[in-house]
file target-v1.tsv (TSV, C-alpha atoms)
chain	number	residue	atom	x	y	z
A	16	MET	CA	10.72	-13.89	-21.55
A	17	PRO	CA	9.63	-12.69	-18.08
A	18	ASN	CA	6.11	-13.69	-17.18
A	19	PHE	CA	4.08	-11.15	-15.20
A	20	GLY	CA	1.14	-11.99	-12.95
A	21	LEU	CA	-1.36	-9.20	-12.46
A	22	VAL	CA	-3.58	-9.81	-9.45
A	23	VAL	CA	-7.21	-8.80	-9.76
A	24	PHE	CA	-9.14	-8.25	-6.53
A	25	PRO	CA	-12.85	-7.43	-6.41
A	26	GLY	CA	-12.62	-3.66	-6.88
A	27	SER	CA	-9.26	-3.45	-8.67
A	28	ASN	CA	-9.53	-0.87	-11.44
A	29	CYS	CA	-6.01	-0.21	-12.72
A	30	ASP	CA	-5.40	-3.81	-13.76
A	31	HIS	CA	-6.12	-3.21	-17.45
A	32	ASP	CA	-3.83	-0.17	-17.58
A	33	CYS	CA	-0.97	-2.28	-16.20
A	34	TYR	CA	-1.82	-5.10	-18.60
A	35	HIS	CA	-1.78	-2.70	-21.56
A	36	VAL	CA	1.64	-1.34	-20.62
A	37	ILE	CA	3.27	-4.70	-19.95
A	38	LYS	CA	1.64	-6.69	-22.75
A	39	HIS	CA	1.15	-4.21	-25.57
A	40	MET	CA	3.90	-1.67	-25.00
A	41	PHE	CA	6.68	-3.80	-23.58
A	42	LYS	CA	5.53	-7.02	-25.34
A	43	GLN	CA	6.00	-9.14	-22.22
A	44	GLU	CA	4.05	-12.19	-21.10
A	45	CYS	CA	1.29	-11.04	-18.77
A	46	GLU	CA	-1.72	-12.75	-17.26
A	47	PHE	CA	-4.59	-11.59	-15.07
A	48	VAL	CA	-4.80	-13.62	-11.88
A	49	TRP	CA	-8.05	-13.74	-9.89
A	50	HIS	CA	-7.50	-13.16	-6.18
A	51	GLU	CA	-8.67	-16.69	-5.35
A	52	GLU	CA	-5.68	-18.32	-7.03
A	53	LYS	CA	-3.35	-20.16	-4.70
A	54	ASN	CA	-0.36	-20.86	-6.90
A	55	LEU	CA	1.71	-18.17	-8.62
A	56	ASP	CA	4.86	-20.24	-9.18
A	57	ARG	CA	4.70	-19.74	-12.96
A	58	PHE	CA	5.31	-16.00	-12.63
A	59	ASP	CA	8.61	-14.14	-12.43
A	60	SER	CA	7.05	-11.00	-11.03
A	61	ILE	CA	3.71	-10.02	-9.49
A	62	ILE	CA	1.92	-6.70	-9.72
A	63	LEU	CA	-0.81	-5.66	-7.31
A	64	PRO	CA	-2.62	-2.92	-9.21
A	65	GLY	CA	-4.52	0.09	-7.94
A	66	GLY	CA	-8.22	0.37	-7.27
A	67	PHE	CA	-10.60	0.01	-4.37
A	68	SER	CA	-10.39	-3.63	-3.34
A	69	TYR	CA	-13.43	-4.58	-1.27
A	70	GLY	CA	-14.66	-1.01	-1.51
A	71	ASP	CA	-11.90	0.12	0.89
A	72	TYR	CA	-14.14	-1.16	3.70
A	73	LEU	CA	-12.73	-1.11	7.23
A	74	ARG	CA	-9.32	0.19	6.05
A	75	THR	CA	-7.82	0.30	2.57
A	76	GLY	CA	-6.34	-3.10	1.76
A	77	ALA	CA	-7.47	-4.60	5.07
A	78	ILE	CA	-9.76	-7.24	3.55
A	79	ALA	CA	-7.78	-7.92	0.38
A	80	ARG	CA	-4.73	-8.95	2.38
A	81	PHE	CA	-6.65	-12.08	3.44
A	82	SER	CA	-7.41	-13.09	-0.16
A	83	PRO	CA	-6.06	-16.58	-0.88
A	84	VAL	CA	-3.66	-15.17	-3.49
A	85	MET	CA	-1.74	-13.23	-0.84
A	86	LYS	CA	-0.19	-16.40	0.65
A	87	ALA	CA	1.21	-17.14	-2.81
A	88	VAL	CA	2.41	-13.54	-3.16
A	89	GLU	CA	4.23	-13.94	0.18
A	90	LYS	CA	5.85	-17.15	-1.05
A	91	LEU	CA	7.15	-15.53	-4.23
A	92	ALA	CA	8.34	-12.51	-2.28
A	93	SER	CA	10.31	-14.78	0.08
A	94	GLU	CA	11.97	-16.35	-2.96
A	95	GLY	CA	13.19	-12.91	-3.98
A	96	ARG	CA	10.93	-12.41	-6.97
A	97	PRO	CA	9.97	-8.77	-7.54
A	98	ILE	CA	6.54	-7.73	-6.24
A	99	MET	CA	5.19	-4.27	-7.05
A	100	GLY	CA	2.15	-2.76	-5.35
A	101	ILE	CA	0.77	0.39	-6.93
A	102	CYS	CA	-1.61	2.62	-4.97
A	103	ASN	CA	-4.19	0.18	-3.54
A	104	GLY	CA	-1.56	-2.52	-4.15
A	105	PHE	CA	0.78	-0.59	-1.81
A	106	GLN	CA	-2.02	-0.33	0.76
A	107	ILE	CA	-2.52	-4.10	0.57
A	108	LEU	CA	1.22	-4.76	1.01
A	109	VAL	CA	1.43	-2.66	4.20
A	110	GLU	CA	-1.74	-4.26	5.61
A	111	ALA	CA	-0.22	-7.68	4.87
A	112	GLY	CA	2.91	-6.68	6.76
A	113	LEU	CA	5.10	-7.23	3.67
A	114	LEU	CA	6.10	-3.57	3.91
A	115	PRO	CA	6.34	-1.48	7.09
A	116	GLY	CA	4.09	1.44	8.02
A	117	ALA	CA	0.51	2.31	7.13
A	118	LEU	CA	-1.33	4.54	4.67
A	119	ILE	CA	-3.83	6.85	6.29
A	120	LYS	CA	-6.22	9.53	5.11
A	121	ASN	CA	-4.65	12.39	3.16
A	122	SER	CA	-3.99	15.34	5.45
A	123	SER	CA	-6.27	17.48	3.24
A	124	LEU	CA	-9.06	14.89	3.75
A	125	ARG	CA	-9.57	15.06	0.00
A	126	PHE	CA	-9.12	12.53	-2.74
A	127	VAL	CA	-6.15	13.93	-4.63
A	128	CYS	CA	-5.92	13.28	-8.36
A	129	LYS	CA	-3.09	15.18	-10.05
A	130	TRP	CA	0.39	15.07	-11.53
A	131	VAL	CA	3.26	15.20	-9.05
A	132	ASN	CA	7.04	14.95	-9.15
A	133	ILE	CA	8.90	12.20	-7.37
A	134	ARG	CA	12.63	11.86	-6.77
A	135	VAL	CA	14.47	8.55	-7.01
A	136	GLU	CA	16.16	7.84	-3.67
A	137	ASN	CA	17.36	4.27	-4.10
A	138	THR	CA	18.53	2.69	-7.36
A	139	ASN	CA	19.50	-0.60	-5.80
A	140	THR	CA	16.17	-2.29	-6.54
A	141	PRO	CA	14.83	-4.27	-9.54
A	142	PHE	CA	12.42	-1.38	-10.16
A	143	THR	CA	14.93	1.46	-10.25
A	144	HIS	CA	18.31	-0.02	-11.19
A	145	LEU	CA	18.40	1.71	-14.59
A	146	MET	CA	17.86	5.13	-12.98
A	147	ARG	CA	20.19	7.50	-11.21
A	148	ARG	CA	19.76	8.70	-7.66
A	149	GLY	CA	18.07	12.11	-7.78
A	150	ASP	CA	16.29	11.46	-11.10
A	151	LEU	CA	12.88	13.11	-11.22
A	152	LEU	CA	9.74	11.43	-12.54
A	153	ARG	CA	6.57	13.33	-13.40
A	154	ILE	CA	3.80	10.94	-12.52
A	155	PRO	CA	0.08	10.97	-11.61
A	156	ILE	CA	-1.39	10.17	-8.22
A	157	ALA	CA	-5.04	9.39	-7.45
A	158	HIS	CA	-5.83	8.46	-3.87
A	159	GLY	CA	-7.68	9.43	-0.71
A	160	GLU	CA	-5.47	7.40	1.65
A	161	GLY	CA	-1.87	7.87	0.59
A	162	ASN	CA	-0.53	9.56	3.67
A	163	PHE	CA	2.38	7.32	4.64
A	164	PHE	CA	2.77	6.84	8.36
A	165	ALA	CA	5.29	4.81	10.34
A	166	ASN	CA	6.56	5.14	13.88
A	167	GLN	CA	9.92	6.84	14.43
A	168	ASP	CA	11.72	3.55	14.85
A	169	ASP	CA	10.46	2.28	11.49
A	170	ILE	CA	11.27	5.58	9.79
A	171	ARG	CA	14.81	5.36	11.15
A	172	LYS	CA	15.15	1.79	9.85
A	173	LEU	CA	13.70	2.74	6.45
A	174	THR	CA	16.24	5.54	6.16
A	175	GLU	CA	19.21	3.54	7.44
A	176	ASN	CA	18.53	0.64	5.06
A	177	SER	CA	17.81	2.96	2.10
A	178	GLN	CA	14.31	1.52	1.84
A	179	VAL	CA	12.79	4.83	0.79
A	180	VAL	CA	12.65	4.52	-3.01
A	181	PHE	CA	10.68	7.63	-4.04
A	182	LYS	CA	9.93	10.99	-2.40
A	183	TYR	CA	7.50	13.70	-3.48
A	184	CYS	CA	9.36	16.82	-4.55
A	185	ASP	CA	8.98	20.02	-6.55
A	186	GLU	CA	10.20	20.55	-10.10
A	187	GLU	CA	13.71	21.31	-8.82
A	188	GLY	CA	13.83	18.07	-6.88
A	189	GLU	CA	13.39	19.71	-3.46
A	190	THR	CA	11.25	17.74	-1.01
A	191	THR	CA	9.22	20.72	0.19
A	192	SER	CA	6.01	20.55	2.20
A	193	GLN	CA	4.18	22.26	-0.70
A	194	SER	CA	5.14	19.38	-2.99
A	195	ASN	CA	3.85	16.81	-0.52
A	196	PRO	CA	0.33	16.00	-1.80
A	197	ASN	CA	-0.98	13.96	1.10
A	198	GLY	CA	0.95	14.63	4.31
A	199	SER	CA	3.26	11.59	4.07
A	200	ILE	CA	6.06	11.53	6.63
A	201	GLU	CA	9.28	12.80	5.01
A	202	ASN	CA	7.48	13.14	1.65
A	203	ILE	CA	7.63	9.37	1.20
A	204	ALA	CA	5.94	8.21	-2.03
A	205	GLY	CA	7.32	4.69	-2.27
A	206	ILE	CA	9.29	2.22	-0.15
A	207	CYS	CA	10.75	-1.26	-0.49
A	208	ASN	CA	11.45	-4.10	1.95
A	209	SER	CA	14.97	-4.59	3.29
A	210	GLN	CA	15.80	-7.10	0.52
A	211	GLY	CA	14.59	-4.60	-2.08
A	212	ASN	CA	12.36	-7.00	-4.03
A	213	ILE	CA	9.01	-5.67	-2.77
A	214	LEU	CA	8.10	-2.15	-3.85
A	215	GLY	CA	5.04	-0.21	-2.78
A	216	MET	CA	4.29	3.19	-4.30
A	217	MET	CA	1.27	5.49	-4.32
A	218	PRO	CA	1.89	7.14	-7.75
A	219	HIS	CA	0.76	5.34	-10.91
A	220	PRO	CA	3.62	4.55	-13.34
A	221	GLU	CA	1.21	2.61	-15.59
A	222	ARG	CA	-0.70	5.87	-16.23
A	223	CYS	CA	2.28	7.66	-17.71
A	224	CYS	CA	3.94	5.41	-20.26
A	225	GLU	CA	2.75	7.20	-23.42
A	226	GLU	CA	3.19	10.80	-24.47
A	227	THR	CA	-0.37	10.79	-25.90
A	228	ILE	CA	-1.80	10.55	-22.39
A	229	GLY	CA	0.41	13.23	-20.91
A	230	GLY	CA	3.78	11.72	-20.09
A	231	GLU	CA	5.98	8.67	-20.22
A	232	ASP	CA	8.18	8.86	-17.13
A	233	GLY	CA	6.53	5.71	-15.79
A	234	LYS	CA	8.28	3.67	-18.46
A	235	ALA	CA	11.56	3.90	-16.54
A	236	ILE	CA	10.13	1.71	-13.78
A	237	PHE	CA	8.86	-1.00	-16.12
A	238	GLU	CA	12.09	-0.88	-18.17
A	239	SER	CA	14.14	-1.38	-15.01
A	240	LEU	CA	11.99	-4.26	-13.85
A	241	ILE	CA	11.99	-6.03	-17.22
A	242	SER	CA	15.75	-5.62	-17.68
A	243	TRP	CA	16.35	-6.93	-14.15
A	244	LEU	CA	14.15	-9.98	-14.83
A	245	GLU	CA	15.89	-10.66	-18.15
A	246	LYS	CA	19.27	-10.46	-16.45
A	247	SER	CA	18.27	-12.84	-13.67
A	248	GLU	CA	16.75	-15.16	-16.30
A	249	SER	CA	20.01	-15.33	-18.24
A	250	GLN	CA	21.96	-15.83	-15.01
A	251	ALA	CA	19.65	-18.71	-14.09
A	252	LEU	CA	20.27	-20.16	-17.55
A	253	ILE	CA	24.02	-19.94	-17.03
A	254	ARG	CA	23.66	-21.62	-13.64
A	255	THR	CA	21.69	-24.55	-15.05
A	256	HIS	CA	24.31	-25.06	-17.78
A	257	VAL	CA	27.36	-25.04	-15.50
B	9	MET	CA	-24.83	-20.62	24.75
B	10	LYS	CA	-25.47	-17.00	25.38
B	11	GLU	CA	-25.66	-13.96	23.20
B	12	PHE	CA	-23.02	-11.34	23.91
B	13	LYS	CA	-23.12	-7.84	22.55
B	14	VAL	CA	-19.59	-6.65	22.02
B	15	LYS	CA	-18.57	-3.12	21.15
B	16	VAL	CA	-15.15	-2.50	19.71
B	17	GLU	CA	-13.92	1.08	19.69
B	18	VAL	CA	-11.09	1.66	17.25
B	19	LYS	CA	-9.20	4.93	17.62
B	20	LEU	CA	-6.14	6.36	15.96
B	21	LYS	CA	-3.13	6.25	18.28
B	22	PRO	CA	-2.36	9.61	19.93
B	23	VAL	CA	0.85	9.94	17.85
B	24	VAL	CA	-1.09	9.64	14.57
B	25	LEU	CA	-2.46	12.91	13.26
B	26	ASP	CA	-6.23	12.89	12.83
B	27	PRO	CA	-7.12	15.40	10.09
B	28	GLN	CA	-10.80	14.47	10.36
B	29	GLY	CA	-10.82	15.31	14.06
B	30	LYS	CA	-9.05	18.61	13.38
B	31	THR	CA	-11.60	19.60	10.74
B	32	ILE	CA	-14.47	18.82	13.11
B	33	LEU	CA	-12.74	20.83	15.85
B	34	THR	CA	-12.51	23.84	13.53
B	35	ALA	CA	-16.20	23.45	12.63
B	36	LEU	CA	-17.17	23.29	16.30
B	37	HIS	CA	-15.16	26.44	17.00
B	38	ASN	CA	-16.85	28.16	14.07
B	39	LEU	CA	-20.20	27.31	15.69
B	40	GLY	CA	-19.05	28.98	18.90
B	41	TYR	CA	-18.16	25.90	20.94
B	42	ASP	CA	-14.82	27.36	21.94
B	43	GLU	CA	-14.59	25.18	25.04
B	44	VAL	CA	-13.74	22.12	22.92
B	45	GLU	CA	-9.99	21.56	22.99
B	46	GLU	CA	-9.59	18.37	21.04
B	47	THR	CA	-11.60	16.13	18.72
B	48	ARG	CA	-10.54	12.64	17.68
B	49	VAL	CA	-12.58	10.47	15.33
B	50	GLY	CA	-12.71	6.69	15.63
B	51	LYS	CA	-14.89	3.78	14.61
B	52	LEU	CA	-17.40	1.75	16.54
B	53	ILE	CA	-17.82	-1.88	15.50
B	54	GLU	CA	-20.65	-3.86	17.09
B	55	LEU	CA	-20.53	-7.63	17.20
B	56	LYS	CA	-23.17	-10.14	18.23
B	57	VAL	CA	-21.32	-13.22	19.50
B	58	MET	CA	-22.73	-16.58	20.59
B	59	ASP	CA	-20.65	-18.24	23.29
B	60	SER	CA	-21.00	-19.65	26.79
B	61	ASN	CA	-17.97	-17.98	28.29
B	62	ALA	CA	-17.49	-14.22	28.55
B	63	GLU	CA	-13.74	-14.46	29.05
B	64	ARG	CA	-13.34	-16.47	25.91
B	65	VAL	CA	-15.41	-13.91	24.02
B	66	ILE	CA	-13.03	-11.17	25.09
B	67	GLU	CA	-9.99	-13.25	24.17
B	68	ARG	CA	-11.42	-14.06	20.74
B	69	VAL	CA	-12.46	-10.45	20.03
B	70	LYS	CA	-8.96	-9.29	21.05
B	71	GLU	CA	-7.59	-11.69	18.46
B	72	MET	CA	-10.07	-10.37	15.87
B	73	CYS	CA	-8.89	-6.83	16.60
B	74	LYS	CA	-5.23	-7.73	16.16
B	75	ASN	CA	-5.90	-9.68	12.96
B	76	LEU	CA	-8.43	-7.52	11.20
B	77	LEU	CA	-10.54	-4.96	13.03
B	78	ALA	CA	-7.67	-2.64	13.97
B	79	ASN	CA	-4.28	-1.91	12.48
B	80	PRO	CA	-1.89	-1.99	15.44
B	81	ILE	CA	0.55	0.34	13.65
B	82	ILE	CA	-1.87	3.26	13.70
B	83	GLU	CA	-4.81	2.26	15.89
B	84	ASP	CA	-5.69	1.34	19.47
B	85	PHE	CA	-8.82	-0.57	20.40
B	86	VAL	CA	-11.11	-0.90	23.42
B	87	ILE	CA	-13.44	-3.85	23.88
B	88	LYS	CA	-16.70	-3.48	25.81
B	89	ILE	CA	-18.93	-6.47	26.46
B	90	GLU	CA	-22.58	-6.63	27.55
call {"tool": "encode", "arguments": {"input": "target-v1.tsv", "output": "structure tokens"}}
result
Amino acid sequence: MPNFGLVVFPGSNCDHDCYHVIKHMFKQECEFVWHEEKNLDRFDSIILPGGFSYGDYLRTGAIARFSPVMKAVEKLASEGRPIMGICNGFQILVEAGLLPGALIKNSSLRFVCKWVNIRVENTNTPFTHLMRRGDLLRIPIAHGEGNFFANQDDIRKLTENSQVVFKYCDEEGETTSQSNPNGSIENIAGICNSQGNILGMMPHPERCCEETIGGEDGKAIFESLISWLEKSESQALIRTHV
Amino acid sequence: MKEFKVKVEVKLKPVVLDPQGKTILTALHNLGYDEVEETRVGKLIELKVMDSNAERVIERVKEMCKNLLANPIIEDFVIKIE
């Protein structure tokens, strides 16, 4: 069974939501990992949850990226294991240089906490492989610094390599400026690295996995990830038996 | 050993939109200061550094800026030393 590591930084506050979804809903192995840990080799996948690590001082994610655990996260990422950064987790991944670009203050200058629609742009990742391109997810956001910025060169590369995974859109799936909640370039809500195993996204899939709390579109992301890990586990098993 | 006072100005790069600056500009115009054409908001970080060599201080602070104090993707920095 896939074993998830859930990194807890001082100031993380979505860690328990993620734990609940992975452990209690999907019945997977899941363990909280304090940010001072240096070895994550026992995990198949790592989640950097949302929150306000180090009080967002200096820049969001700027201090957390130097936590000892991040070296281990880098190691696992280089081995191809899936890493998912949600909200503040995304901010930490861009500060660490594991994903391109930066997340700056929302264009409205306000903290935006609401439901949005996102469109699936790339299904060739562990996090989206069970979805279809163009699928819409209704999902909550809650951030003050979610405005994705990258220079033109990086945007071109992101587009050419299909690294844009999610875009903000309206209910019809159109990426209009009205449906862009924070001013992100090209309505970008989530991106991955060129290998596809590191995902960063501002919306919170862990907050929409049960109808009782308003929606369950977030399940699709966890289902994809778990199925991908199970597949690679069985392939590894086949390899060791050949 | 000498005490150096170092000021690091961190500003958003010109290509990065500064919604805070824009809001302040609108407020200034509302107050009648129509002569203001642009407002950009940055950060000022003051450091007290003990060292014997001013050049080394600048080199080290440059390194600090690249590693932590500024994000080179979105920000420029200026170092002033006293």
call {"tool": "closest_residue", "arguments": {"input": "target-v1.tsv", "among": "A:Leu244, A:Leu118, A:Met99, A:Met40", "to": "chain B", "atoms": "all atoms listed in the file"}}
result
A:Leu118
call {"tool": "atom_distance", "arguments": {"input": "target-v1.tsv", "atom1": "atom CA of B:Lys74", "atom2": "atom CA of B:Val23"}}
result
18.8 Å
call {"tool": "closest_residue", "arguments": {"input": "target-v1.tsv", "among": "B:Glu45, B:Glu83, B:Glu63, B:Glu71", "to": "chain A", "atoms": "only C-alpha atoms"}}
result
B:Glu83
call {"tool": "residues_around", "arguments": {"input": "target-v1.tsv", "residues": "stretch 42-59 of chain A", "least_positions_apart": "4", "cutoff": "6 Å", "atoms": "only C-alpha atoms", "output": "PyMOL selection string"}}
result
chain A and resi 17-24+37-38+83-84+87
call {"tool": "atom_distance", "arguments": {"input": "target-v1.tsv", "atom1": "atom CA of A:Pro64", "atom2": "atom CA of A:Ala117"}}
result
17.4 Å
call {"tool": "residues_near_point", "arguments": {"input": "target-v1.tsv", "point": "(-6.8, 0.6, 22.1)", "cutoff": "9 Å", "atoms": "all atoms listed in the file", "output": "compact mmCIF listing (two decimals) with C-alpha atoms, in the coordinates of the input"}}
result
# COMPACT_ATOMS: atom_id res chain seq x y z
CA GLU B 17 -13.92 1.08 19.69
CA VAL B 18 -11.09 1.66 17.25
CA LYS B 19 -9.20 4.93 17.62
CA LEU B 20 -6.14 6.36 15.96
CA LYS B 21 -3.13 6.25 18.28
CA ALA B 78 -7.67 -2.64 13.97
CA PRO B 80 -1.89 -1.99 15.44
CA GLU B 83 -4.81 2.26 15.89
CA ASP B 84 -5.69 1.34 19.47
CA PHE B 85 -8.82 -0.57 20.40
CA VAL B 86 -11.11 -0.90 23.42
CA ILE B 87 -13.44 -3.85 23.88
call {"tool": "residues_around", "arguments": {"input": "target-v1.tsv", "residues": "A:Leu145", "least_positions_apart": "4", "cutoff": "8 Å", "atoms": "all atoms listed in the file", "output": "MDAnalysis selection string"}}
result
chainID A and resid 138 235 238:239
call {"tool": "closest_residue", "arguments": {"input": "target-v1.tsv", "among": "A:Asn132, A:Ser177, A:Gln167, A:Ser27", "to": "A:Ile154", "atoms": "only C-alpha atoms"}}
result
A:Asn132
call {"tool": "closest_residue", "arguments": {"input": "target-v1.tsv", "among": "B:Val44, B:Leu55, B:Leu25, B:Leu36", "to": "B:Leu77", "atoms": "all atoms listed in the file"}}
result
B:Leu55
call {"tool": "closest_residue", "arguments": {"input": "target-v1.tsv", "among": "A:Met16, A:Ala165, A:Ile200, A:Cys207", "to": "A:Leu113", "atoms": "only C-alpha atoms"}}
result
A:Cys207
call {"tool": "closest_atom_pairs", "arguments": {"input": "target-v1.tsv", "of": "chain A", "to": "chain B", "cutoff": "8 Å", "atoms": "only C-alpha atoms", "output": "CSV"}}
result
residue,atom,partner,partner_atom,distance
A:Leu73,CA,B:Leu77,CA,7.3
A:Ala77,CA,B:Leu76,CA,6.9
A:Ile78,CA,B:Leu76,CA,7.8
A:Glu110,CA,B:Asn79,CA,7.7
A:Gly116,CA,B:Ile81,CA,6.7
A:Ala117,CA,B:Ile81,CA,6.8
A:Lys120,CA,B:Pro27,CA,7.8
A:Asn121,CA,B:Pro27,CA,7.9
A:Ser122,CA,B:Pro27,CA,5.6
A:Ser123,CA,B:Pro27,CA,7.2
A:Leu124,CA,B:Pro27,CA,6.6
A:Phe164,CA,B:Val24,CA,7.8
A:Ala165,CA,B:Ile81,CA,7.3
A:Asn166,CA,B:Ile81,CA,7.7
call {"tool": "residues_around", "arguments": {"input": "target-v1.tsv", "residues": "B:Glu46", "least_positions_apart": "6", "cutoff": "10 Å", "atoms": "only C-alpha atoms", "output": "list in words"}}
result
Gly29, Lys30, Ile32, Leu33 and Thr34 of chain B
call {"tool": "atom_distance", "arguments": {"input": "target-v1.tsv", "atom1": "atom CA of A:Gly233", "atom2": "atom CA of A:Thr140"}}
result
15.6 Å
call {"tool": "closest_residue", "arguments": {"input": "target-v1.tsv", "among": "A:Glu245, A:Asp232, A:Asp30, A:Asp185", "to": "A:Arg153", "atoms": "all atoms listed in the file"}}
result
A:Asp232
call {"tool": "residues_near_point", "arguments": {"input": "target-v1.tsv", "point": "(15.7, -5.9, -12.5)", "cutoff": "10 Å", "atoms": "only C-alpha atoms", "output": "list in words"}}
result
Arg96, Pro97, Asn139, Thr140, Pro141, Phe142, Thr143, His144, Leu145, Asn212, Ile236, Phe237, Glu238, Ser239, Leu240, Ile241, Ser242, Trp243, Leu244, Glu245, Lys246 and Ser247 of chain A
call {"tool": "decode", "arguments": {"input": "target-v1.tsv", "residues": "stretch 76-89 of chain B", "atoms": "N, CA, C and O atoms", "output": "PDB file, in the first residue's frame"}}
result
ATOM      1  N   LEU B  76      18.288  34.329  -0.045  1.00  0.00           N
ATOM      2  CA  LEU B  76      17.121  34.440   0.827  1.00  0.00           C
ATOM      3  C   LEU B  76      16.381  35.770   0.750  1.00  0.00           C
ATOM      4  O   LEU B  76      15.159  35.790   0.603  1.00  0.00           O
ATOM      5  N   LEU B  77      17.113  36.875   0.831  1.00  0.00           N
ATOM      6  CA  LEU B  77      16.434  38.157   1.053  1.00  0.00           C
ATOM      7  C   LEU B  77      15.588  38.607  -0.127  1.00  0.00           C
ATOM      8  O   LEU B  77      14.589  39.284   0.047  1.00  0.00           O
ATOM      9  N   ALA B  78      16.005  38.216  -1.347  1.00  0.00           N
ATOM     10  CA  ALA B  78      15.214  38.586  -2.527  1.00  0.00           C
ATOM     11  C   ALA B  78      14.949  37.339  -3.359  1.00  0.00           C
ATOM     12  O   ALA B  78      15.708  36.377  -3.297  1.00  0.00           O
ATOM     13  N   ASN B  79      13.878  37.365  -4.099  1.00  0.00           N
ATOM     14  CA  ASN B  79      13.589  36.281  -5.044  1.00  0.00           C
ATOM     15  C   ASN B  79      13.911  36.790  -6.446  1.00  0.00           C
ATOM     16  O   ASN B  79      13.205  37.639  -6.978  1.00  0.00           O
ATOM     17  N   PRO B  80      15.027  36.308  -7.004  1.00  0.00           N
ATOM     18  CA  PRO B  80      15.514  36.873  -8.275  1.00  0.00           C
ATOM     19  C   PRO B  80      14.506  36.767  -9.427  1.00  0.00           C
ATOM     20  O   PRO B  80      14.649  37.453 -10.428  1.00  0.00           O
ATOM     21  N   ILE B  81      13.505  35.921  -9.290  1.00  0.00           N
ATOM     22  CA  ILE B  81      12.512  35.787 -10.364  1.00  0.00           C
ATOM     23  C   ILE B  81      11.627  37.033 -10.432  1.00  0.00           C
ATOM     24  O   ILE B  81      11.215  37.464 -11.498  1.00  0.00           O
ATOM     25  N   ILE B  82      11.338  37.611  -9.273  1.00  0.00           N
ATOM     26  CA  ILE B  82      10.406  38.738  -9.264  1.00  0.00           C
ATOM     27  C   ILE B  82      10.998  40.028  -8.695  1.00  0.00           C
ATOM     28  O   ILE B  82      10.401  41.086  -8.823  1.00  0.00           O
ATOM     29  N   GLU B  83      12.181  39.924  -8.058  1.00  0.00           N
ATOM     30  CA  GLU B  83      12.675  41.104  -7.335  1.00  0.00           C
ATOM     31  C   GLU B  83      14.107  41.499  -7.717  1.00  0.00           C
ATOM     32  O   GLU B  83      14.933  40.641  -8.043  1.00  0.00           O
ATOM     33  N   ASP B  84      14.382  42.782  -7.647  1.00  0.00           N
ATOM     34  CA  ASP B  84      15.740  43.315  -7.756  1.00  0.00           C
ATOM     35  C   ASP B  84      16.147  43.828  -6.377  1.00  0.00           C
ATOM     36  O   ASP B  84      15.286  44.132  -5.556  1.00  0.00           O
ATOM     37  N   PHE B  85      17.455  43.909  -6.149  1.00  0.00           N
ATOM     38  CA  PHE B  85      17.879  44.450  -4.854  1.00  0.00           C
ATOM     39  C   PHE B  85      19.006  45.454  -5.025  1.00  0.00           C
ATOM     40  O   PHE B  85      19.761  45.412  -5.996  1.00  0.00           O
ATOM     41  N   VAL B  86      19.085  46.384  -4.076  1.00  0.00           N
ATOM     42  CA  VAL B  86      20.164  47.378  -4.045  1.00  0.00           C
ATOM     43  C   VAL B  86      20.770  47.330  -2.650  1.00  0.00           C
ATOM     44  O   VAL B  86      20.039  47.318  -1.657  1.00  0.00           O
ATOM     45  N   ILE B  87      22.103  47.285  -2.593  1.00  0.00           N
ATOM     46  CA  ILE B  87      22.766  47.211  -1.288  1.00  0.00           C
ATOM     47  C   ILE B  87      23.452  48.546  -1.008  1.00  0.00           C
ATOM     48  O   ILE B  87      24.198  49.068  -1.841  1.00  0.00           O
ATOM     49  N   LYS B  88      23.168  49.104   0.171  1.00  0.00           N
ATOM     50  CA  LYS B  88      23.842  50.342   0.575  1.00  0.00           C
ATOM     51  C   LYS B  88      24.556  50.079   1.890  1.00  0.00           C
ATOM     52  O   LYS B  88      23.978  49.491   2.806  1.00  0.00           O
ATOM     53  N   ILE B  89      25.795  50.533   1.983  1.00  0.00           N
ATOM     54  CA  ILE B  89      26.591  50.217   3.177  1.00  0.00           C
ATOM     55  C   ILE B  89      27.088  51.508   3.817  1.00  0.00           C
ATOM     56  O   ILE B  89      27.440  52.461   3.119  1.00  0.00           O
TER      57      ILE B  89
END
